[in-house]
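**Q** Just run38.txt, nothing more (compact mmCIF, C-alpha atoms and all ligand atoms):
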```
# COMPACT_ATOMS: atom_id res chain seq x y z
CA MET W 1 -21.82 -44.02 5.05
CA VAL W 2 -20.87 -40.37 5.09
CA ARG W 3 -17.20 -39.87 5.91
CA VAL W 4 -16.35 -37.70 8.93
CA ILE W 5 -13.10 -35.81 8.52
CA SER W 6 -11.25 -33.10 10.40
CA VAL W 7 -11.36 -29.39 9.64
CA GLU W 8 -7.64 -29.47 8.75
CA HIS W 9 -8.15 -32.38 6.36
CA HIS W 10 -11.03 -30.77 4.49
CA ARG W 11 -9.21 -27.47 4.38
CA ALA W 12 -6.08 -29.10 2.97
CA GLU W 13 -8.13 -30.90 0.32
CA ALA W 14 -9.95 -27.70 -0.64
CA THR W 15 -6.60 -25.92 -0.97
CA ALA W 16 -5.16 -28.77 -3.07
CA LEU W 17 -8.29 -28.78 -5.24
CA LEU W 18 -7.92 -25.13 -6.15
CA GLY W 19 -4.16 -25.47 -6.67
CA THR W 20 -2.15 -22.45 -7.81
CA ARG W 21 -3.40 -20.29 -10.62
CA THR W 22 -1.45 -19.78 -13.83
CA PRO W 23 0.42 -16.47 -13.60
CA VAL W 24 -0.45 -13.77 -16.11
CA ARG W 25 1.19 -10.51 -17.17
CA LEU W 26 -0.84 -7.41 -16.30
CA PRO W 27 -0.24 -3.65 -16.53
CA VAL W 28 1.47 -2.47 -13.34
CA ALA W 29 -1.43 -0.21 -12.45
CA GLY W 30 -3.75 -3.24 -12.31
CA CYS W 31 -1.51 -5.30 -10.06
CA ALA W 32 -2.23 -3.77 -6.65
CA GLY W 33 -3.60 -6.35 -4.25
CA LEU W 34 -2.10 -9.28 -6.20
CA ILE W 35 0.88 -11.52 -5.52
CA LEU W 36 3.95 -11.19 -7.72
CA ALA W 37 4.71 -14.46 -9.51
CA GLU W 38 8.27 -13.70 -10.67
CA ASP W 39 11.27 -11.87 -9.26
CA VAL W 40 11.61 -8.39 -10.71
CA THR W 41 15.09 -7.26 -11.72
CA ALA W 42 15.76 -3.54 -11.90
CA ASP W 43 16.98 -2.44 -15.32
CA VAL W 44 17.82 1.00 -13.96
CA SER W 45 19.33 2.18 -10.72
CA LEU W 46 17.34 4.32 -8.35
CA PRO W 47 18.16 7.13 -8.41
CA PRO W 48 19.35 6.63 -12.00
CA PHE W 49 21.87 9.53 -11.64
CA ASP W 50 23.41 11.62 -8.86
CA ASN W 51 20.93 14.42 -8.17
CA SER W 52 20.13 17.20 -5.79
CA ALA W 53 17.90 16.55 -2.78
CA MET W 54 17.20 20.28 -2.38
CA ASP W 55 16.52 23.43 -4.31
CA GLY W 56 19.77 25.36 -4.08
CA TYR W 57 23.19 25.66 -5.69
CA ALA W 58 25.57 22.96 -6.86
CA VAL W 59 29.10 24.01 -5.88
CA ARG W 60 32.46 22.66 -4.86
CA ALA W 61 32.69 22.38 -1.08
CA VAL W 62 36.18 23.99 -1.14
CA ASP W 63 34.75 27.10 -2.83
CA VAL W 64 32.34 27.80 0.06
CA ALA W 65 34.58 26.51 2.88
CA GLY W 66 34.94 29.96 4.45
CA ALA W 67 31.32 31.08 4.10
CA SER W 68 29.31 32.30 7.11
CA GLU W 69 26.47 34.72 7.94
CA ASP W 70 29.00 37.49 8.57
CA SER W 71 31.27 36.78 5.64
CA PRO W 72 29.31 35.21 2.78
CA VAL W 73 31.09 33.82 -0.27
CA GLU W 74 29.89 35.25 -3.57
CA LEU W 75 30.00 33.06 -6.68
CA PRO W 76 28.87 33.66 -10.28
CA VAL W 77 25.85 31.54 -11.27
CA ALA W 78 26.93 29.88 -14.52
CA GLU W 79 23.96 27.60 -15.23
CA ASP W 80 20.39 26.98 -14.24
CA ILE W 81 19.56 23.26 -13.84
CA PRO W 82 15.86 22.53 -13.38
CA ALA W 83 14.65 18.94 -12.93
CA GLY W 84 14.46 17.30 -16.33
CA ARG W 85 17.47 19.04 -17.89
CA VAL W 86 19.23 16.26 -19.78
CA ASP W 87 22.56 17.79 -20.76
CA SER W 88 25.38 17.97 -18.21
CA PRO W 89 27.11 21.35 -18.22
CA PRO W 90 30.25 20.94 -16.07
CA LEU W 91 30.79 23.18 -13.07
CA LEU W 92 33.94 25.25 -13.28
CA PRO W 93 35.90 25.96 -10.08
CA GLY W 94 34.77 29.15 -8.34
CA THR W 95 31.27 29.10 -9.87
CA ALA W 96 27.83 27.84 -8.87
CA HIS W 97 24.94 26.24 -10.78
CA ARG W 98 21.45 26.98 -9.56
CA ILE W 99 19.91 23.53 -9.16
CA MET W 100 16.43 22.18 -8.31
CA THR W 101 15.38 19.07 -6.42
CA GLY W 102 15.77 16.00 -8.63
CA ALA W 103 18.00 17.75 -11.18
CA PRO W 104 21.24 16.01 -12.18
CA MET W 105 24.39 17.10 -10.37
CA PRO W 106 26.79 18.79 -12.78
CA PRO W 107 30.18 17.10 -13.20
CA GLY W 108 32.71 18.97 -11.07
CA ALA W 109 30.25 19.83 -8.29
CA ASP W 110 30.48 17.79 -5.11
CA THR W 111 27.85 19.36 -2.88
CA VAL W 112 24.64 21.37 -2.70
CA VAL W 113 23.92 24.50 -0.68
CA MET W 114 20.22 24.78 0.01
CA VAL W 115 18.59 27.97 -1.26
CA GLU W 116 17.68 29.00 2.30
CA LYS W 117 21.40 29.40 3.07
CA THR W 118 21.92 31.82 0.17
CA ASP W 119 20.46 35.06 -1.11
CA GLY W 120 18.84 33.13 -3.97
CA GLY W 121 20.65 35.15 -6.63
CA THR W 122 20.46 34.28 -10.32
CA GLU W 123 23.47 36.22 -11.72
CA THR W 124 25.63 35.79 -8.66
CA VAL W 125 24.82 34.08 -5.43
CA ARG W 126 25.88 34.90 -1.88
CA VAL W 127 26.39 31.75 0.19
CA PHE W 128 26.01 32.20 3.95
CA ALA W 129 27.19 28.79 5.17
CA ALA W 130 29.98 26.30 4.55
CA VAL W 131 28.77 22.82 3.60
CA PRO W 132 30.61 19.51 3.60
CA PRO W 133 31.07 17.52 0.38
CA GLY W 134 28.07 15.31 -0.45
CA ASN W 135 25.56 17.63 1.19
CA HIS W 136 21.93 17.15 0.00
CA LEU W 137 23.12 14.72 -2.63
CA ARG W 138 21.17 11.63 -3.69
CA ARG W 139 23.59 9.12 -5.12
CA THR W 140 23.05 6.80 -8.09
CA GLY W 141 21.80 3.41 -6.91
CA GLU W 142 21.40 4.48 -3.29
CA ASP W 143 17.87 3.02 -3.28
CA VAL W 144 18.14 0.26 -5.91
CA GLN W 145 21.23 -0.98 -7.78
CA ARG W 146 20.70 -1.73 -11.44
CA GLY W 147 20.69 -5.50 -12.08
CA THR W 148 19.53 -6.42 -8.58
CA THR W 149 16.19 -7.87 -7.52
CA ALA W 150 13.83 -5.02 -6.75
CA LEU W 151 10.84 -7.21 -5.79
CA THR W 152 10.82 -10.91 -4.98
CA ARG W 153 8.20 -13.40 -6.14
CA GLY W 154 5.54 -14.00 -3.55
CA THR W 155 5.42 -10.31 -2.57
CA LEU W 156 1.97 -8.86 -1.97
CA LEU W 157 1.82 -5.85 -4.27
CA GLY W 158 0.56 -2.86 -2.34
CA PRO W 159 0.89 0.79 -3.35
CA ALA W 160 4.59 0.98 -2.43
CA GLN W 161 5.42 -2.16 -4.41
CA VAL W 162 3.62 -1.16 -7.61
CA GLY W 163 5.18 2.27 -7.17
CA LEU W 164 8.63 0.72 -7.04
CA ALA W 165 7.92 -1.39 -10.13
CA ALA W 166 6.91 1.76 -11.99
CA ALA W 167 9.98 3.60 -10.67
CA VAL W 168 12.34 0.98 -12.12
CA GLY W 169 10.63 1.43 -15.46
CA LEU W 170 8.28 -1.56 -15.63
CA ASP W 171 4.91 -1.24 -17.30
CA SER W 172 3.74 -4.78 -16.54
CA LEU W 173 4.22 -7.53 -13.95
CA VAL W 174 3.58 -11.26 -13.82
CA VAL W 175 1.03 -11.93 -11.11
CA TYR W 176 -1.52 -14.43 -9.86
CA THR W 177 -5.03 -13.22 -10.62
CA PRO W 178 -8.12 -14.08 -8.58
CA PRO W 179 -10.37 -16.88 -9.82
CA ARG W 180 -13.70 -16.21 -11.51
CA VAL W 181 -16.26 -17.72 -9.20
CA LEU W 182 -19.79 -18.89 -9.90
CA VAL W 183 -21.93 -18.64 -6.73
CA VAL W 184 -25.17 -20.60 -6.69
CA SER W 185 -27.81 -20.59 -3.96
CA THR W 186 -30.19 -23.52 -3.91
CA GLY W 187 -33.56 -23.83 -2.20
CA THR W 188 -37.15 -23.83 -3.44
CA GLU W 189 -37.99 -21.62 -0.44
CA LEU W 190 -35.73 -18.80 -1.57
CA VAL W 191 -37.11 -15.48 -2.80
CA THR W 192 -35.07 -12.48 -3.86
CA ALA W 193 -36.06 -9.06 -2.63
CA PRO W 194 -38.13 -7.04 -3.43
CA ASN W 195 -40.51 -9.89 -4.30
CA PRO W 196 -43.04 -10.44 -1.51
CA LEU W 197 -42.70 -13.47 0.76
CA LYS W 198 -45.37 -16.12 1.00
CA HIS W 199 -45.63 -18.14 4.18
CA GLY W 200 -42.92 -20.79 3.99
CA GLN W 201 -40.55 -18.68 1.92
CA ILE W 202 -37.47 -16.72 3.00
CA TYR W 203 -35.30 -14.09 1.44
CA GLU W 204 -32.16 -15.37 -0.20
CA SER W 205 -29.10 -14.01 1.60
CA ASN W 206 -26.23 -16.47 1.20
CA SER W 207 -25.22 -15.45 -2.30
CA VAL W 208 -25.06 -11.80 -1.26
CA MET W 209 -22.84 -12.74 1.67
CA LEU W 210 -20.59 -15.04 -0.34
CA VAL W 211 -20.24 -12.56 -3.18
CA ALA W 212 -19.20 -9.89 -0.70
CA ALA W 213 -16.65 -12.24 0.86
CA LEU W 214 -15.28 -13.24 -2.57
CA ARG W 215 -15.10 -9.68 -3.86
CA ALA W 216 -13.09 -8.79 -0.76
CA LEU W 217 -10.49 -11.26 -2.07
CA GLY W 218 -10.59 -9.61 -5.48
CA CYS W 219 -12.63 -12.33 -7.21
CA GLU W 220 -14.90 -11.72 -10.16
CA VAL W 221 -18.21 -13.32 -9.31
CA GLU W 222 -21.24 -14.49 -11.24
CA THR W 223 -24.31 -15.41 -9.25
CA VAL W 224 -27.37 -17.56 -9.59
CA ARG W 225 -29.39 -16.40 -6.64
CA SER W 226 -31.85 -19.23 -6.43
CA VAL W 227 -32.20 -22.62 -8.05
CA VAL W 228 -35.15 -24.75 -6.98
CA ASP W 229 -34.50 -28.11 -5.34
CA ASP W 230 -34.78 -30.08 -8.56
CA VAL W 231 -31.82 -32.04 -9.88
CA ASP W 232 -32.65 -31.63 -13.57
CA GLU W 233 -33.31 -27.93 -13.17
CA PHE W 234 -30.07 -27.49 -11.19
CA ARG W 235 -28.03 -29.26 -13.88
CA ALA W 236 -29.78 -27.42 -16.70
CA VAL W 237 -29.20 -23.97 -15.19
CA ILE W 238 -25.69 -24.42 -13.79
CA GLU W 239 -23.85 -26.75 -16.15
CA PRO W 240 -23.79 -24.30 -19.11
CA LYS W 241 -22.28 -21.62 -16.85
CA LEU W 242 -19.36 -23.76 -15.69
CA ALA W 243 -17.18 -23.06 -18.70
CA ALA W 244 -16.78 -19.42 -17.69
CA ALA W 245 -15.85 -20.23 -14.07
CA ASP W 246 -12.64 -21.23 -12.32
CA LEU W 247 -14.56 -22.26 -9.22
CA LEU W 248 -18.16 -23.16 -8.37
CA ILE W 249 -19.45 -22.46 -4.88
CA THR W 250 -22.90 -23.68 -3.99
CA SER W 251 -24.97 -23.08 -0.88
CA GLY W 252 -27.58 -25.46 0.50
CA GLY W 253 -28.74 -28.89 -0.52
CA VAL W 254 -25.89 -30.89 0.96
CA SER W 255 -27.14 -32.26 4.28
CA ALA W 256 -28.85 -35.48 5.28
CA GLY W 257 -32.50 -34.78 4.39
CA ALA W 258 -34.48 -35.36 1.23
CA TYR W 259 -34.44 -32.78 -1.61
CA GLU W 260 -30.68 -32.25 -1.20
CA VAL W 261 -30.31 -30.95 -4.71
CA VAL W 262 -26.58 -30.28 -4.79
CA LYS W 263 -25.77 -33.64 -3.26
CA ASP W 264 -28.17 -35.46 -5.54
CA ALA W 265 -26.99 -33.70 -8.67
CA LEU W 266 -23.25 -33.96 -8.06
CA THR W 267 -22.82 -37.31 -6.30
CA GLY W 268 -21.20 -39.53 -8.89
CA ALA W 269 -20.39 -36.51 -11.06
CA GLY W 270 -17.01 -35.93 -9.39
CA VAL W 271 -17.98 -34.36 -6.06
CA GLU W 272 -17.59 -36.15 -2.75
CA PHE W 273 -19.86 -35.32 0.16
CA ARG W 274 -18.68 -35.68 3.72
CA LYS W 275 -19.17 -34.49 7.26
CA VAL W 276 -16.51 -32.27 8.74
CA ALA W 277 -16.02 -32.42 12.51
CA MET W 278 -17.07 -28.85 13.11
CA GLN W 279 -20.01 -26.78 14.26
CA PRO W 280 -21.52 -25.06 12.40
CA GLY W 281 -20.73 -26.20 8.86
CA GLY W 282 -20.61 -30.00 9.21
CA PRO W 283 -21.95 -31.04 5.79
CA GLN W 284 -19.42 -30.21 3.07
CA GLY W 285 -18.65 -31.39 -0.41
CA LEU W 286 -15.70 -30.98 -2.70
CA GLY W 287 -14.54 -32.14 -6.09
CA ARG W 288 -14.77 -31.31 -9.78
CA TRP W 289 -17.76 -31.01 -12.05
CA ASN W 290 -16.89 -31.00 -15.76
CA GLY W 291 -13.32 -30.28 -14.62
CA VAL W 292 -14.26 -27.17 -12.64
CA PRO W 293 -13.40 -27.20 -8.91
CA VAL W 294 -16.52 -27.23 -6.73
CA LEU W 295 -16.91 -26.43 -3.04
CA THR W 296 -20.40 -27.05 -1.73
CA LEU W 297 -21.35 -25.16 1.42
CA PRO W 298 -24.29 -25.83 3.71
CA GLY W 299 -27.31 -23.57 3.43
CA ASN W 300 -27.76 -22.20 6.91
CA PRO W 301 -26.42 -18.68 6.59
CA VAL W 302 -24.03 -18.87 9.53
CA SER W 303 -22.78 -22.29 8.39
CA SER W 304 -22.27 -20.93 4.91
CA LEU W 305 -20.21 -17.96 5.99
CA VAL W 306 -18.22 -19.90 8.60
CA SER W 307 -17.47 -22.51 5.92
CA PHE W 308 -16.33 -19.74 3.64
CA GLU W 309 -13.99 -18.42 6.34
CA VAL W 310 -12.58 -21.81 7.25
CA PHE W 311 -12.28 -23.44 3.82
CA VAL W 312 -12.95 -21.17 0.86
CA ARG W 313 -11.04 -18.07 1.86
CA PRO W 314 -7.73 -19.84 2.60
CA ALA W 315 -8.02 -22.02 -0.52
CA VAL W 316 -8.74 -19.04 -2.78
CA LEU W 317 -5.92 -16.98 -1.25
CA ALA W 318 -3.47 -19.89 -1.61
CA SER W 319 -4.48 -20.27 -5.27
CA MET W 320 -3.62 -16.59 -5.73
CA GLY W 321 -0.10 -17.18 -4.42
CA HIS W 322 -0.65 -15.86 -0.90
CA SER W 323 1.54 -17.44 1.76
CA ILE W 324 -0.49 -15.88 4.57
CA VAL W 325 -3.98 -17.30 4.15
CA ASP W 326 -5.14 -17.26 7.75
CA ARG W 327 -6.99 -14.55 9.56
CA PRO W 328 -4.96 -12.97 12.35
CA ARG W 329 -5.22 -15.22 15.41
CA VAL W 330 -5.10 -13.85 18.95
CA ARG W 331 -5.63 -15.23 22.43
CA ALA W 332 -8.45 -13.74 24.48
CA LYS W 333 -10.20 -14.30 27.80
CA LEU W 334 -13.81 -15.43 27.62
CA THR W 335 -16.24 -13.02 29.25
CA GLU W 336 -18.69 -15.87 29.74
CA ALA W 337 -18.64 -19.66 29.84
CA LEU W 338 -19.23 -21.59 26.59
CA ARG W 339 -20.17 -25.19 25.82
CA SER W 340 -19.04 -27.03 22.76
CA PRO W 341 -19.91 -30.47 21.35
CA ALA W 342 -17.35 -33.21 21.92
CA GLY W 343 -15.40 -34.23 18.85
CA LYS W 344 -16.15 -31.08 16.86
CA VAL W 345 -14.35 -27.80 16.42
CA GLN W 346 -16.80 -25.10 17.34
CA PHE W 347 -16.60 -21.71 15.68
CA ARG W 348 -18.65 -19.28 17.75
CA ARG W 349 -19.30 -15.76 16.60
CA GLY W 350 -17.76 -13.34 19.06
CA PHE W 351 -16.80 -9.79 19.76
CA TYR W 352 -13.17 -9.23 20.57
CA SER W 353 -11.94 -6.14 22.33
CA HIS W 354 -8.49 -5.23 23.42
CA VAL W 355 -7.28 -2.56 25.79
CA ASP W 356 -4.11 -0.81 24.62
CA GLY W 357 -1.05 -2.01 26.49
CA GLU W 358 -2.65 -5.23 27.71
CA VAL W 359 -1.31 -8.51 26.39
CA THR W 360 -4.56 -10.47 26.22
CA GLY W 361 -7.87 -9.19 24.92
CA GLU W 362 -11.38 -10.16 25.91
CA VAL W 363 -13.96 -11.97 23.88
CA GLY W 364 -17.64 -12.56 24.37
CA PRO W 365 -20.01 -14.64 22.24
CA ARG W 366 -22.58 -12.98 19.98
CA GLY W 367 -25.64 -15.20 19.85
CA GLY W 368 -25.80 -18.90 20.61
CA PRO W 369 -24.43 -21.77 18.55
CA GLY W 370 -27.50 -21.85 16.24
CA SER W 371 -26.45 -21.69 12.59
CA HIS W 372 -29.46 -19.58 11.60
CA LEU W 373 -28.49 -16.65 13.88
CA LEU W 374 -27.26 -14.27 11.20
CA ALA W 375 -28.06 -11.09 13.13
CA ALA W 376 -25.69 -12.20 15.88
CA PHE W 377 -22.99 -12.80 13.25
CA ALA W 378 -23.63 -9.30 11.99
CA GLN W 379 -22.65 -8.02 15.46
CA ALA W 380 -19.49 -10.12 15.62
CA ASN W 381 -15.95 -9.20 14.67
CA CYS W 382 -14.32 -12.57 15.26
CA LEU W 383 -14.76 -16.32 15.50
CA ILE W 384 -14.04 -18.03 18.81
CA VAL W 385 -12.41 -21.39 18.11
CA LEU W 386 -13.09 -24.19 20.59
CA PRO W 387 -11.07 -27.29 19.63
CA GLU W 388 -12.52 -30.79 19.22
CA GLU W 389 -11.63 -31.97 22.73
CA VAL W 390 -13.13 -28.94 24.50
CA THR W 391 -16.68 -29.38 25.80
CA GLU W 392 -16.69 -26.55 28.33
CA ALA W 393 -14.76 -23.33 28.44
CA PRO W 394 -15.28 -21.46 31.72
CA GLN W 395 -15.52 -17.71 32.02
CA GLY W 396 -11.98 -16.28 32.06
CA ALA W 397 -10.53 -19.17 30.03
CA GLU W 398 -8.07 -18.17 27.32
CA VAL W 399 -9.29 -19.15 23.87
CA ASN W 400 -8.13 -18.76 20.29
CA VAL W 401 -9.88 -16.06 18.32
CA LEU W 402 -9.81 -15.45 14.57
CA LEU W 403 -10.18 -11.76 13.82
CA LEU W 404 -12.45 -11.17 10.86
P1 LIG W 501 -30.14 -26.54 3.38
O1 LIG W 501 -28.66 -26.62 3.60
O2 LIG W 501 -30.49 -26.36 1.94
O3 LIG W 501 -30.82 -27.69 4.01
O4 LIG W 501 -30.64 -25.23 4.11
C1 LIG W 501 -30.49 -25.08 5.49
C2 LIG W 501 -31.22 -23.86 5.97
O5 LIG W 501 -30.63 -22.72 5.41
C3 LIG W 501 -32.68 -23.82 5.60
O6 LIG W 501 -33.38 -23.24 6.68
C4 LIG W 501 -32.70 -22.92 4.38
O7 LIG W 501 -33.92 -22.27 4.22
C5 LIG W 501 -31.60 -21.94 4.72
N1 LIG W 501 -31.00 -21.43 3.51
C6 LIG W 501 -30.50 -22.19 2.51
N2 LIG W 501 -30.02 -21.42 1.51
C7 LIG W 501 -30.22 -20.15 1.89
C8 LIG W 501 -29.94 -18.89 1.28
N3 LIG W 501 -29.33 -18.81 0.09
N4 LIG W 501 -30.27 -17.77 1.94
C9 LIG W 501 -30.86 -17.85 3.15
N5 LIG W 501 -31.13 -19.00 3.78
C10 LIG W 501 -30.83 -20.15 3.16
MG MG W 502 -32.07 -26.33 0.84
```
Now, as a test, write the supplied structure out as structure tokens.
Ligand code: AMP
Ligand code: MG
**A**
Amino acid sequence: MVRVISVEHHRAEATALLGTRTPVRLPVAGCAGLILAEDVTADVSLPPFDNSAMDGYAVRAVDVAGASEDSPVELPVAEDIPAGRVDSPPLLPGTAHRIMTGAPMPPGADTVVMVEKTDGGTETVRVFAAVPPGNHLRRTGEDVQRGTTALTRGTLLGPAQVGLAAAVGLDSLVVYTPPRVLVVSTGTELVTAPNPLKHGQIYESNSVMLVAALRALGCEVETVRSVVDDVDEFRAVIEPKLAAADLLITSGGVSAGAYEVVKDALTGAGVEFRKVAMQPGGPQGLGRWNGVPVLTLPGNPVSSLVSFEVFVRPAVLASMGHSIVDRPRVRAKLTEALRSPAGKVQFRRGFYSHVDGEVTGEVGPRGGPGSHLLAAFAQANCLIVLPEEVTEAPQGAEVNVLLL
């Protein structure tokens, strides 16, 4: 007997199967898109020193207290401090240092007059405005205090986060990397373009789809685009490739007919085949082959991609340390009535649209429930989720939608 289990159950088992990947240290520049595996402590403050936020003149506020358009204060310019100057010439009372943005504030100065409020002089400068102490000053540690946590583990490293890591002087980070995935399409009927089709053959498309979906998660992928429905051949071609993979994903050969090559080859080899209470994507398998995690997806293209969305994507993301593994979920009103089989979660391909300012969007199906309707999927931007107990959803009903 084939076990029937819930979507949640299979998804939880797939996630547990993949587990969490071993963190590795990578150069900061290669970490964008990955999850940080360790807290990052700042070894320097940001800014590391008090510096000027403007091009202008470092002065003492008391020395320019009386300055105005009509009666400017004139000060001798004692030093020129471009960004990058590493000595610290002190500012003497009654003098100014010409200073550039990012240059260190000289000891003795307490404020900056922006160049626009002066005559820009280099020997002496005429200051046309009084400024309070602390003007245009960026203080040490204002952004990050040395010794504090700059980035916490579990953070998704986007451009700002890798930028911050670089700014606190790190050249590498400990992150979770994506798995290397071996994608295998099975089916004696499969032909890869541009080879011509004979009657009874079809073009192989699942591996292309699955590779695209995996690459979008950052995975490195190797592909075997078609293995014939022969158990010995399947084992002979795939088994030697397992060593280089962290995950094997197969398509096809797992349902109830004859010539179910994946099922026949992997039953008893560590993979369990079951039926998940969903449509499409009922036949699923999961386990380990020679120690390598295996998820076996059904061959119908829509079933394959829906299975990827529901099981593979969240499991792979979780293994990469992501805490958010779900697609964004919204509520939407059905533009037409839908039927769904009792006792199964139905994932219908849909098109979601949302008018700005309105709380609930609208969703309409693209194509029928048939799991071969790939062109309809190609017009969809979401999956409409009809729970197990729902058999009819009338037009106007509010349904859950997963935005792809
Ligand atoms: P299976 O799960 O092997 O019984 O296949 C179910 C259906 O999906 C059949 O109509 C297959 O021809 C089709 N199919 C299986 N694998 C692929 C593939 N890689 N690309 C396109 N169609 C496929
Ligand atoms: Mg097949």
**Q** Would you mind telling me which residue in W:Ala315, W:Leu26, W:Val127, W:Leu374 lies nearest to ligand LIG 501 (chain W) when using only C-alpha atoms and all ligand atoms?
**A**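 For ligand LIG 501 (chain W), the nearest of the candidates is W:Leu374.
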**Q** Name the closest residue to Gly19 of chain W among the candidates W:Ala318, W:Leu156, W:Val115, W:Leu75; distances are taken between atoms, counting all atoms listed in the file.
**A**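 Checking each of W:Ala318, W:Leu156, W:Val115, W:Leu75 against Gly19 of chain W, counting all atoms listed in the file, the winner is W:Ala318.
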**Q** Given the choices W:Glu189, W:Glu388, W:Asp264, W:Asp63, which gets closest to ligand LIG 501 (chain W) if the distance is worked out from only C-alpha atoms and all ligand atoms?
**A**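 Counting only C-alpha atoms and all ligand atoms, the residue closest to ligand LIG 501 (chain W) is W:Glu189.
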**Q** Point out the residue among W:Asn290, W:Thr267, W:Ser68, W:Thr186 with the least atom-to-atom distance to ligand MG 502 (chain W), counting only C-alpha atoms and all ligand atoms.
**A**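 Ranked by minimum distance to ligand MG 502 (chain W), first place goes to W:Thr186.
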**Q** For the atom pair atom CA of Ala166 of chain W and atom CA of Asp110 of chain W, what is the interatomic distance in Å to one decimal place?
**A** 29.3 Å
**Q** Could you tell me, counting all atoms listed in the file, which protein and nucleic acid residues lie no more than 6 Å from ligand MG 502 (chain W), written as a list in words?
**A** Thr186, Gly187, Gly252 and Gly253 of chain W
**Q** Skip Asn206 of chain W itself and residues of its chain fewer than 6 positions away, then list as a list in words all residues within 8 Å of it, counting all atoms listed in the file.
**A** Ser185, Ser251, Gly299, Pro301, Ser304 and Leu305 of chain W
**Q** Which residues, written as number ranges by chain, have at least one atom at most 9 Å from Glu123 of chain W, with only C-alpha atoms counted and residues fewer than 5 positions away on the same chain left out?
**A** W: 75-78
**Q** Just to be explicit: take each residue in the selection above, keep C-alpha atoms, and write the result as a compact mmCIF listing (two decimals), in the coordinates of the input.
**A**
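This went into result_9.txt:
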```txt
# COMPACT_ATOMS: atom_id res chain seq x y z
CA LEU W 75 30.00 33.06 -6.68
CA PRO W 76 28.87 33.66 -10.28
CA VAL W 77 25.85 31.54 -11.27
CA ALA W 78 26.93 29.88 -14.52
```
**Q** Can you list, as number ranges by chain, every protein, DNA or RNA residue that comes within 8 Å of Thr20 of chain W when you count all atoms listed in the file, leaving out same-chain residues fewer than 2 positions away?
**A** W: 18, 22, 318-321
**Q** Can you build me a table of chain W residues sitting at most 9 Å from ligand LIG 501 (chain W), with the closest atom pair per residue and its distance in Å to one decimal, using only C-alpha atoms and all ligand atoms, sorted by chain and residue number, as a tab-separated table?
**A**
```
residue	atom	partner	partner_atom	distance
W:Val184	CA	W:LIG501	N3	8.2
W:Ser185	CA	W:LIG501	N3	4.7
W:Thr186	CA	W:LIG501	N2	5.8
W:Gly187	CA	W:LIG501	N2	5.7
W:Thr188	CA	W:LIG501	O7	8.5
W:Glu189	CA	W:LIG501	O7	6.2
W:Leu190	CA	W:LIG501	C8	6.5
W:Val191	CA	W:LIG501	N4	8.6
W:Gln201	CA	W:LIG501	O7	7.9
W:Ile202	CA	W:LIG501	O7	6.7
W:Tyr203	CA	W:LIG501	C9	6.1
W:Glu204	CA	W:LIG501	N4	3.7
W:Ser205	CA	W:LIG501	N4	4.0
W:Asn206	CA	W:LIG501	N3	4.0
W:Ser207	CA	W:LIG501	N3	5.8
W:Val208	CA	W:LIG501	N3	8.3
W:Met209	CA	W:LIG501	N4	9.0
W:Arg225	CA	W:LIG501	N3	7.1
W:Ser226	CA	W:LIG501	N3	7.0
W:Asp229	CA	W:LIG501	O2	8.5
W:Ser251	CA	W:LIG501	N2	5.8
W:Gly252	CA	W:LIG501	O2	3.4
W:Gly253	CA	W:LIG501	O2	3.9
W:Val254	CA	W:LIG501	O1	5.7
W:Ser255	CA	W:LIG501	O3	5.9
W:Ala256	CA	W:LIG501	O3	8.1
W:Gly257	CA	W:LIG501	O3	7.3
W:Ala258	CA	W:LIG501	O3	8.9
W:Tyr259	CA	W:LIG501	O2	8.3
W:Glu260	CA	W:LIG501	O2	6.7
W:Val261	CA	W:LIG501	O2	8.1
W:Val262	CA	W:LIG501	O2	8.7
W:Pro283	CA	W:LIG501	O1	8.3
W:Leu297	CA	W:LIG501	O1	7.8
W:Pro298	CA	W:LIG501	O1	4.4
W:Gly299	CA	W:LIG501	O1	3.3
W:Asn300	CA	W:LIG501	O5	3.3
W:Pro301	CA	W:LIG501	N5	5.5
W:Val302	CA	W:LIG501	O5	8.7
W:Ser303	CA	W:LIG501	O5	8.4
W:Ser304	CA	W:LIG501	N2	8.5
W:Ser371	CA	W:LIG501	O5	8.4
W:His372	CA	W:LIG501	O5	7.0
```
**Q** With distances taken over all atoms listed in the file, which of W:Arg180, W:Arg215, W:Phe49, W:Glu74 is nearest to Arg139 of chain W?
**A**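 Checking each of W:Arg180, W:Arg215, W:Phe49, W:Glu74 against Arg139 of chain W, counting all atoms listed in the file, the winner is W:Phe49.
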**Q** So the first atom is atom CA of Thr177 of chain W and the second is atom CA of Leu34 of chain W; what is the distance between them in Å, to one decimal place?
**A**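 Distance reported for this atom pair: 6.6 Å.
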**Q** Looking at all atoms listed in the file, which of W:Ile35, W:Val221, W:Val144, W:Val59 is the one that sits closest to Val113 of chain W?
**A** W:Val59
**Q** Any idea what's packed within 7 Å of Val330 of chain W, counting only C-alpha atoms, ignoring anything in its chain fewer than 3 positions away? Could you give it as a PyMOL selection string?
**A** chain W and resi 400-402
**Q** Do you have the atom CA of Leu295 of chain W-atom CA of Asp230 of chain W distance handy?
**A**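 That distance, rounded to one decimal, is 19.1 Å.
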**Q** Got a sec: who's within 7 Å of segment 240-249 of chain W, counting only C-alpha atoms, leaving out chain neighbours fewer than 2 positions off, as a list in words?
**A**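 Listing them by chain and then by number gives Pro179, Arg180, Val181, Leu182, Val183, Val184, Val237, Ile238, Ser251, Val292, Pro293, Val294, Leu295 and Thr296 of chain W.
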